[in-house]
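Below is my_file_34.cif, holding mmCIF, C-alpha atoms.
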data_start
#
loop_
_atom_site.label_atom_id
_atom_site.label_comp_id
_atom_site.auth_asym_id
_atom_site.auth_seq_id
_atom_site.Cartn_x
_atom_site.Cartn_y
_atom_site.Cartn_z
CA MET A 1 -24.30 34.42 -35.62
CA THR A 2 -27.73 35.90 -35.12
CA GLY A 3 -31.25 34.64 -35.52
CA PRO A 4 -33.87 32.78 -33.57
CA GLY A 5 -31.65 29.66 -33.23
CA ALA A 6 -28.55 31.48 -32.01
CA PRO A 7 -27.59 30.85 -28.38
CA THR A 8 -28.00 33.88 -26.15
CA GLY A 9 -25.83 34.86 -23.24
CA ALA A 10 -28.54 33.81 -20.81
CA GLY A 11 -28.85 30.41 -22.53
CA ILE A 12 -25.10 29.78 -22.37
CA GLY A 13 -25.06 30.84 -18.72
CA ALA A 14 -27.93 28.46 -17.95
CA ARG A 15 -26.10 25.58 -19.65
CA ILE A 16 -22.91 26.28 -17.73
CA GLY A 17 -24.86 26.53 -14.48
CA ARG A 18 -26.67 23.24 -15.21
CA TRP A 19 -23.35 21.56 -16.06
CA LEU A 20 -21.83 22.75 -12.77
CA VAL A 21 -24.85 21.61 -10.76
CA ASP A 22 -24.80 18.16 -12.37
CA ARG A 23 -21.08 17.69 -11.76
CA TRP A 24 -20.45 19.48 -8.47
CA VAL A 25 -19.66 16.22 -6.69
CA PHE A 26 -17.03 15.45 -9.31
CA GLY A 27 -15.57 18.92 -8.92
CA VAL A 28 -15.41 18.67 -5.13
CA GLY A 29 -13.77 15.26 -5.49
CA LEU A 30 -11.10 16.74 -7.76
CA LEU A 31 -10.43 19.52 -5.25
CA VAL A 32 -10.06 17.04 -2.39
CA LEU A 33 -7.81 14.79 -4.49
CA GLY A 34 -5.67 17.78 -5.44
CA TYR A 35 -5.38 18.77 -1.78
CA LEU A 36 -4.27 15.24 -0.85
CA LEU A 37 -1.70 15.11 -3.65
CA LEU A 38 -0.29 18.56 -2.94
CA PRO A 39 2.39 17.28 -0.49
CA VAL A 40 3.43 14.65 -3.04
CA ALA A 41 3.79 17.36 -5.68
CA VAL A 42 5.96 19.40 -3.29
CA VAL A 43 8.21 16.39 -2.61
CA ALA A 44 8.48 15.69 -6.35
CA GLY A 45 9.42 19.31 -6.98
CA LEU A 46 12.04 19.31 -4.22
CA SER A 47 13.63 16.20 -5.73
CA PHE A 48 14.85 18.49 -8.55
CA ASN A 49 16.08 21.16 -6.15
CA ARG A 50 19.62 22.13 -5.21
CA PRO A 51 19.10 23.64 -1.74
CA SER A 52 21.09 26.65 -0.66
CA SER A 53 21.96 24.86 2.61
CA ARG A 54 21.32 21.51 4.30
CA LEU A 55 18.70 23.08 6.57
CA SER A 56 16.89 24.92 3.75
CA TYR A 57 13.68 23.59 2.18
CA ASP A 58 12.95 26.43 -0.25
CA PHE A 59 13.34 25.89 -3.99
CA ASN A 60 16.72 27.38 -4.86
CA GLU A 61 17.91 25.98 -8.20
CA PHE A 62 16.71 23.30 -10.64
CA THR A 63 19.04 20.33 -11.05
CA TRP A 64 19.08 16.71 -12.23
CA ASP A 65 21.96 15.78 -9.92
CA ASN A 66 19.69 14.32 -7.23
CA TRP A 67 18.26 11.81 -9.72
CA ARG A 68 21.63 11.11 -11.35
CA GLN A 69 23.21 10.37 -7.98
CA PRO A 70 20.47 8.98 -5.71
CA CYS A 71 23.08 7.21 -3.58
CA ALA A 72 25.28 10.25 -2.98
CA THR A 73 24.61 9.55 0.70
CA SER A 74 25.59 5.91 1.16
CA ASP A 75 23.94 5.60 4.58
CA MET A 76 20.59 6.56 3.07
CA CYS A 77 20.79 3.94 0.32
CA ASP A 78 21.74 1.28 2.87
CA ALA A 79 18.67 2.26 4.91
CA VAL A 80 16.43 2.15 1.83
CA LEU A 81 17.75 -1.31 0.87
CA ARG A 82 17.20 -2.53 4.42
CA SER A 83 13.63 -1.22 4.44
CA VAL A 84 12.94 -2.95 1.11
CA GLN A 85 14.33 -6.25 2.45
CA ILE A 86 12.24 -5.98 5.60
CA GLY A 87 9.21 -5.04 3.51
CA PHE A 88 9.52 -8.06 1.23
CA LEU A 89 10.03 -10.50 4.11
CA THR A 90 7.14 -8.95 6.02
CA THR A 91 4.91 -9.08 2.95
CA ALA A 92 5.68 -12.76 2.34
CA GLY A 93 5.11 -13.79 5.95
CA ALA A 94 2.02 -11.67 6.59
CA THR A 95 0.40 -12.54 3.24
CA ILE A 96 0.83 -16.30 3.66
CA LEU A 97 -0.33 -16.39 7.28
CA GLY A 98 -3.10 -13.84 6.74
CA THR A 99 -4.49 -15.64 3.69
CA LEU A 100 -4.61 -18.96 5.54
CA MET A 101 -6.34 -17.29 8.49
CA ALA A 102 -8.86 -15.58 6.20
CA PHE A 103 -9.78 -18.89 4.55
CA ALA A 104 -10.16 -20.55 7.95
CA LEU A 105 -12.38 -17.76 9.30
CA VAL A 106 -14.62 -17.54 6.21
CA ARG A 107 -14.87 -21.18 5.11
CA HIS A 108 -14.88 -23.08 8.42
CA ARG A 109 -16.88 -23.09 11.64
CA PHE A 110 -14.98 -23.79 14.85
CA ARG A 111 -15.20 -22.99 18.52
CA GLY A 112 -13.87 -19.51 19.29
CA ARG A 113 -14.32 -18.24 15.74
CA SER A 114 -16.20 -15.12 16.90
CA ALA A 115 -13.48 -14.33 19.44
CA VAL A 116 -10.78 -14.70 16.78
CA ASN A 117 -12.70 -12.36 14.46
CA LEU A 118 -12.77 -9.80 17.27
CA LEU A 119 -9.10 -10.22 18.15
CA ILE A 120 -8.08 -9.74 14.52
CA PHE A 121 -9.19 -6.11 14.69
CA LEU A 122 -7.29 -5.31 17.91
CA PRO A 123 -3.86 -4.71 16.30
CA MET A 124 -5.52 -2.33 13.83
CA ALA A 125 -7.22 -0.38 16.63
CA THR A 126 -4.28 -0.44 19.06
CA PRO A 127 -2.01 2.63 18.98
CA GLU A 128 1.40 1.88 17.49
CA LEU A 129 3.04 3.15 20.66
CA VAL A 130 1.31 0.40 22.66
CA MET A 131 2.06 -2.19 19.99
CA GLY A 132 5.75 -1.28 19.79
CA SER A 133 6.30 -1.21 23.55
CA SER A 134 4.43 -4.52 24.01
CA LEU A 135 6.55 -6.25 21.38
CA LEU A 136 9.70 -4.78 22.94
CA THR A 137 8.67 -6.20 26.33
CA LEU A 138 8.07 -9.59 24.71
CA PHE A 139 11.49 -9.65 23.03
CA VAL A 140 13.31 -8.47 26.17
CA ALA A 141 11.50 -11.03 28.34
CA GLY A 142 12.46 -13.75 25.90
CA ALA A 143 16.09 -12.56 25.75
CA VAL A 144 15.80 -12.05 21.99
CA PRO A 145 18.51 -9.68 20.67
CA LEU A 146 17.01 -6.66 18.96
CA GLY A 147 17.87 -6.20 15.30
CA PHE A 148 16.81 -7.02 11.76
CA TRP A 149 14.72 -10.10 12.57
CA THR A 150 12.90 -8.55 15.51
CA VAL A 151 11.82 -5.74 13.16
CA VAL A 152 10.57 -8.31 10.62
CA THR A 153 8.68 -10.19 13.34
CA ALA A 154 7.12 -6.98 14.67
CA HIS A 155 6.05 -5.89 11.20
CA VAL A 156 4.47 -9.27 10.46
CA MET A 157 2.54 -9.00 13.72
CA PHE A 158 0.85 -5.69 12.92
CA CYS A 159 0.48 -6.28 9.15
CA LEU A 160 -1.25 -9.61 9.69
CA SER A 161 -4.57 -8.03 10.65
CA PHE A 162 -4.68 -5.85 7.53
CA VAL A 163 -4.04 -8.87 5.32
CA VAL A 164 -6.74 -10.96 7.02
CA VAL A 165 -9.35 -8.21 6.73
CA THR A 166 -8.54 -7.54 3.06
CA VAL A 167 -8.61 -11.21 1.99
CA LYS A 168 -11.73 -11.86 4.07
CA ALA A 169 -13.56 -9.10 2.22
CA ARG A 170 -12.65 -10.72 -1.09
CA LEU A 171 -13.71 -14.18 0.07
CA ALA A 172 -17.01 -12.90 1.47
CA GLY A 173 -17.92 -11.40 -1.90
CA MET A 174 -17.05 -14.52 -3.89
CA ASP A 175 -19.81 -16.74 -5.27
CA THR A 176 -19.23 -20.24 -3.87
CA ARG A 177 -21.52 -21.71 -6.54
CA LEU A 178 -18.64 -21.39 -9.01
CA GLU A 179 -16.59 -23.84 -6.93
CA GLU A 180 -19.57 -26.15 -6.58
CA ALA A 181 -20.07 -26.09 -10.36
CA ALA A 182 -16.42 -26.97 -10.93
CA MET A 183 -16.63 -29.95 -8.59
CA ASP A 184 -19.90 -31.03 -10.23
CA LEU A 185 -17.88 -31.19 -13.46
CA TYR A 186 -15.55 -33.72 -11.79
CA ALA A 187 -12.77 -31.31 -10.81
CA SER A 188 -10.81 -32.40 -7.77
CA GLU A 189 -10.47 -30.15 -4.72
CA TRP A 190 -6.96 -29.13 -5.76
CA GLN A 191 -8.07 -28.39 -9.35
CA THR A 192 -11.02 -26.34 -8.07
CA PHE A 193 -8.76 -24.33 -5.81
CA ARG A 194 -6.07 -23.79 -8.46
CA LEU A 195 -8.36 -23.01 -11.41
CA VAL A 196 -11.37 -21.35 -9.76
CA THR A 197 -10.80 -20.23 -6.16
CA LEU A 198 -7.26 -18.86 -6.41
CA PRO A 199 -7.84 -16.71 -9.55
CA LEU A 200 -10.94 -15.19 -7.94
CA VAL A 201 -9.21 -14.46 -4.62
CA LEU A 202 -5.89 -13.40 -6.16
CA PRO A 203 -6.80 -9.68 -6.55
CA GLY A 204 -7.56 -9.51 -2.83
CA ILE A 205 -4.31 -11.29 -1.97
CA VAL A 206 -2.29 -8.93 -4.18
CA ALA A 207 -4.00 -5.90 -2.65
CA ALA A 208 -3.26 -7.22 0.84
CA ALA A 209 0.39 -7.83 -0.08
CA LEU A 210 0.82 -4.30 -1.44
CA LEU A 211 -0.80 -2.89 1.69
CA ALA A 212 1.50 -4.94 3.93
CA PHE A 213 4.59 -3.77 2.04
CA SER A 214 3.60 -0.11 2.22
CA LEU A 215 2.82 -0.35 5.95
CA SER A 216 6.15 -2.08 6.62
CA PHE A 217 8.22 0.31 4.51
CA ASP A 218 6.56 3.35 6.10
CA ASP A 219 6.57 2.27 9.75
CA PHE A 220 8.61 4.23 12.27
CA ILE A 221 7.14 3.85 15.77
CA VAL A 222 7.10 0.04 16.05
CA THR A 223 10.46 -0.13 14.28
CA ASN A 224 12.03 2.41 16.62
CA PHE A 225 11.11 0.28 19.63
CA ASN A 226 12.40 -3.03 18.24
CA SER A 227 15.22 -2.18 15.82
CA GLY A 228 18.23 -2.13 18.12
CA THR A 229 21.06 -0.84 15.90
CA THR A 230 19.19 -1.54 12.65
CA VAL A 231 18.41 1.66 10.74
CA THR A 232 15.50 1.69 8.27
CA PHE A 233 14.64 4.48 5.86
CA PRO A 234 12.04 6.21 8.10
CA MET A 235 14.51 6.10 11.00
CA TYR A 236 17.23 7.54 8.79
CA VAL A 237 14.97 10.44 7.78
CA TRP A 238 14.10 11.09 11.42
CA GLY A 239 17.77 11.16 12.40
CA ALA A 240 18.80 13.25 9.39
CA ALA A 241 16.17 15.89 10.20
CA GLN A 242 18.36 17.06 13.06
CA ARG A 243 21.36 17.80 10.83
CA GLY A 244 19.68 18.46 7.47
CA ILE A 245 17.77 16.06 5.23
CA PRO A 246 19.61 15.37 1.93
CA PRO A 247 17.59 16.13 -1.22
CA GLN A 248 17.95 12.48 -2.32
CA VAL A 249 15.29 11.64 0.28
CA ASN A 250 12.78 13.41 -1.96
CA VAL A 251 13.99 11.29 -4.88
CA VAL A 252 13.24 8.09 -2.94
CA GLY A 253 9.80 9.36 -1.94
CA THR A 254 8.94 10.39 -5.49
CA ALA A 255 10.18 7.08 -6.91
CA MET A 256 8.12 5.07 -4.42
CA PHE A 257 4.99 7.07 -5.27
CA ALA A 258 5.64 6.61 -9.00
CA VAL A 259 6.02 2.83 -8.57
CA ALA A 260 2.81 2.63 -6.53
CA LEU A 261 0.94 4.72 -9.11
CA LEU A 262 2.26 2.53 -11.94
CA LEU A 263 1.07 -0.62 -10.16
CA VAL A 264 -2.39 0.86 -9.63
CA VAL A 265 -2.64 1.93 -13.29
CA LEU A 266 -1.46 -1.48 -14.52
CA GLY A 267 -3.91 -3.25 -12.20
CA GLY A 268 -6.78 -1.11 -13.46
CA ALA A 269 -5.79 -1.66 -17.09
CA LEU A 270 -5.55 -5.43 -16.64
CA GLY A 271 -8.91 -5.54 -14.86
CA ARG A 272 -10.55 -3.51 -17.61
CA ARG A 273 -8.99 -5.73 -20.28
CA ARG A 274 -10.16 -8.86 -18.49
CA GLY A 275 -13.66 -7.42 -18.31
CA GLN A 276 -13.64 -6.74 -22.07
CA VAL A 277 -12.33 -10.20 -22.94
CA SER A 278 -14.77 -12.13 -20.75
CA PRO A 279 -17.97 -11.35 -22.73
CA ARG A 280 -16.25 -12.39 -25.97
CA SER A 281 -15.10 -15.65 -24.45
CA ARG A 282 -18.63 -16.38 -23.22
CA ALA A 283 -19.96 -15.66 -26.70
#
Re-express the file's structure as structure tokens.
Amino acid sequence: MTGPGAPTGAGIGARIGRWLVDRWVFGVGLLVLGYLLLPVAVVAGLSFNRPSSRLSYDFNEFTWDNWRQPCATSDMCDAVLRSVQIGFLTTAGATILGTLMAFALVRHRFRGRSAVNLLIFLPMATPELVMGSSLLTLFVAGAVPLGFWTVVTAHVMFCLSFVVVTVKARLAGMDTRLEEAAMDLYASEWQTFRLVTLPLVLPGIVAAALLAFSLSFDDFIVTNFNSGTTVTFPMYVWGAAQRGIPPQVNVVGTAMFAVALLLVVLGGALGRRRGQVSPRSRA
């Protein structure tokens, strides 16, 4: 195509250069995201690998056997199940206690409130080594036998701060005039909480619960101090590294990442759908 309206090489180059300049932040963000996800991609690839030896991590041969038989190593599946049980119990305890504390700190004024707000951040800032050894000293001083329940208690202790901070952020950004309007329309306190407050705070509570579960499932240092003879999945991986990590470990890691990604996608889709439905309902 030729003529006065035909794009020249210089014009195309200028357009490409302008497009890159306008979107360089987006491009850098994609590069950083790719760098962060590179280890996950390696783990996902190794989940389809048949290693040449137990101590080899190079890609040797493609196979589906690791996914067909994820529990080929029974000790690993027992450790995964135990970590899931601890994670659910920790999530329930930390979410309930943390949500109640967040409501008390945001909605009420009491003596020592500023000190409590400061103390909430200490477990988040304290190294896990100090946290684990302190909890171990507490359990030993109280003659509490180390095991499953001491791990659950320890996990609730360090997950509590993350739940409080997450729910507090949601409560601080909530418009209290919505609750006042509901009570002006003769709603009782329980009806206002159930129909107005809880739905508005629920995304923050769910986010805090997911964060607590991931922190509990992933923890090694605090668990190692307070587990006794209880073996969780991170502790199993640490012990197996000395004699060769089975490829099914990569299957568990890939599956956990896929579940987390699915939850994030579903949450985003539901939020977008709720945002599209709301204007229609107001109309």
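The space separating atom CA of Gly267 of chain A from atom CA of Ala255 of chain A comes to 18.3 Å.
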Inset, instruction - Evaluate the PyMOL selection byres ((chain A and resi 246-248) around 7) and record the selected residues as number ranges by chain, following the chain and residue labels used in the document. - result: A: 47, 54, 66, 70, 244-245, 249-252
Inset, instruction - Rank A:Leu270, A:Val196, A:Leu33, A:Met124 by their smallest atom-to-atom distance to Asp175 of chain A, using all atoms listed in the file, and report the top residue only. - result: A:Val196
Inset, instruction - Excluding segment 127-134 of chain A and any residue of its chain fewer than 6 positions from it, enumerate the residues within 7 Å of it, using all atoms listed in the file, and give them as a ChimeraX atom specification. - result: /A:221-222,225
Within 12 Å of file point (17.3, -5.6, 10.3), counting all atoms listed in the file, expressed as a PDB file with C-alpha atoms, in the frame of the given file:
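Ended up saving to result.pdb:
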ATOM      1  CA  ASP A  78      21.740   1.280   2.870  1.00  0.00           C
ATOM      2  CA  ALA A  79      18.670   2.260   4.910  1.00  0.00           C
ATOM      3  CA  VAL A  80      16.430   2.150   1.830  1.00  0.00           C
ATOM      4  CA  LEU A  81      17.750  -1.310   0.870  1.00  0.00           C
ATOM      5  CA  ARG A  82      17.200  -2.530   4.420  1.00  0.00           C
ATOM      6  CA  SER A  83      13.630  -1.220   4.440  1.00  0.00           C
ATOM      7  CA  VAL A  84      12.940  -2.950   1.110  1.00  0.00           C
ATOM      8  CA  GLN A  85      14.330  -6.250   2.450  1.00  0.00           C
ATOM      9  CA  ILE A  86      12.240  -5.980   5.600  1.00  0.00           C
ATOM     10  CA  GLY A  87       9.210  -5.040   3.510  1.00  0.00           C
ATOM     11  CA  LEU A  89      10.030 -10.500   4.110  1.00  0.00           C
ATOM     12  CA  THR A  90       7.140  -8.950   6.020  1.00  0.00           C
ATOM     13  CA  PRO A 145      18.510  -9.680  20.670  1.00  0.00           C
ATOM     14  CA  LEU A 146      17.010  -6.660  18.960  1.00  0.00           C
ATOM     15  CA  GLY A 147      17.870  -6.200  15.300  1.00  0.00           C
ATOM     16  CA  PHE A 148      16.810  -7.020  11.760  1.00  0.00           C
ATOM     17  CA  TRP A 149      14.720 -10.100  12.570  1.00  0.00           C
ATOM     18  CA  THR A 150      12.900  -8.550  15.510  1.00  0.00           C
ATOM     19  CA  VAL A 151      11.820  -5.740  13.160  1.00  0.00           C
ATOM     20  CA  VAL A 152      10.570  -8.310  10.620  1.00  0.00           C
ATOM     21  CA  THR A 153       8.680 -10.190  13.340  1.00  0.00           C
ATOM     22  CA  ALA A 154       7.120  -6.980  14.670  1.00  0.00           C
ATOM     23  CA  HIS A 155       6.050  -5.890  11.200  1.00  0.00           C
ATOM     24  CA  THR A 223      10.460  -0.130  14.280  1.00  0.00           C
ATOM     25  CA  ASN A 224      12.030   2.410  16.620  1.00  0.00           C
ATOM     26  CA  ASN A 226      12.400  -3.030  18.240  1.00  0.00           C
ATOM     27  CA  SER A 227      15.220  -2.180  15.820  1.00  0.00           C
ATOM     28  CA  GLY A 228      18.230  -2.130  18.120  1.00  0.00           C
ATOM     29  CA  THR A 229      21.060  -0.840  15.900  1.00  0.00           C
ATOM     30  CA  THR A 230      19.190  -1.540  12.650  1.00  0.00           C
ATOM     31  CA  VAL A 231      18.410   1.660  10.740  1.00  0.00           C
ATOM     32  CA  THR A 232      15.500   1.690   8.270  1.00  0.00           C
ATOM     33  CA  PHE A 233      14.640   4.480   5.860  1.00  0.00           C
TER      34      PHE A 233
END
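The two atoms in question, atom CA of Met76 of chain A and atom CA of Gly253 of chain A, are spaced 12.2 Å apart.
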Legend entry - Expected selection from the PyMOL selection byres ((chain A and resi 49) around 6), given as a list of chain:residue names: A:Leu46, A:Ser47, A:Phe48, A:Arg50, A:Pro51, A:Phe59, A:Glu61, A:Phe62, A:Thr63
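We find atom CA of Thr254 of chain A and atom CA of Leu37 of chain A to be spaced 11.8 Å apart.
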With a cut-off of 10 Å, could you pull out the residues of segment 120-232 of chain A touching segment 95-112 of chain A and give me the nearest pair of atoms for each, distance in Å to one decimal, using all atoms listed in the file, ordered by chain and ascending number, as a tab-separated table?
residue	atom	partner	partner_atom	distance
A:Ile120	CA	A:Met101	CA	9.8
A:Val156	CA	A:Thr95	CA	8.9
A:Cys159	CA	A:Thr95	CA	8.6
A:Leu160	CA	A:Gly98	CA	5.5
A:Ser161	CA	A:Gly98	CA	7.2
A:Phe162	CA	A:Gly98	CA	8.2
A:Val163	CA	A:Gly98	CA	5.3
A:Val164	CA	A:Gly98	CA	4.6
A:Val165	CA	A:Ala102	CA	7.4
A:Thr166	CA	A:Ala102	CA	8.6
A:Val167	CA	A:Ala102	CA	6.1
A:Lys168	CA	A:Ala102	CA	5.2
A:Ala169	CA	A:Ala102	CA	8.9
A:Arg170	CA	A:Ala102	CA	9.5
A:Leu171	CA	A:Val106	CA	7.1
A:Ala172	CA	A:Val106	CA	7.1
A:Val201	CA	A:Thr99	CA	9.6
A:Gly204	CA	A:Thr99	CA	9.5
A:Ile205	CA	A:Thr95	CA	7.1
A:Val206	CA	A:Thr95	CA	8.7
A:Ala207	CA	A:Thr95	CA	9.9
A:Ala208	CA	A:Thr95	CA	6.9
A:Ala209	CA	A:Thr95	CA	5.8
A:Leu210	CA	A:Thr95	CA	9.5
A:Leu211	CA	A:Thr95	CA	9.8
A:Ala212	CA	A:Thr95	CA	7.7
A:Phe213	CA	A:Thr95	CA	9.8
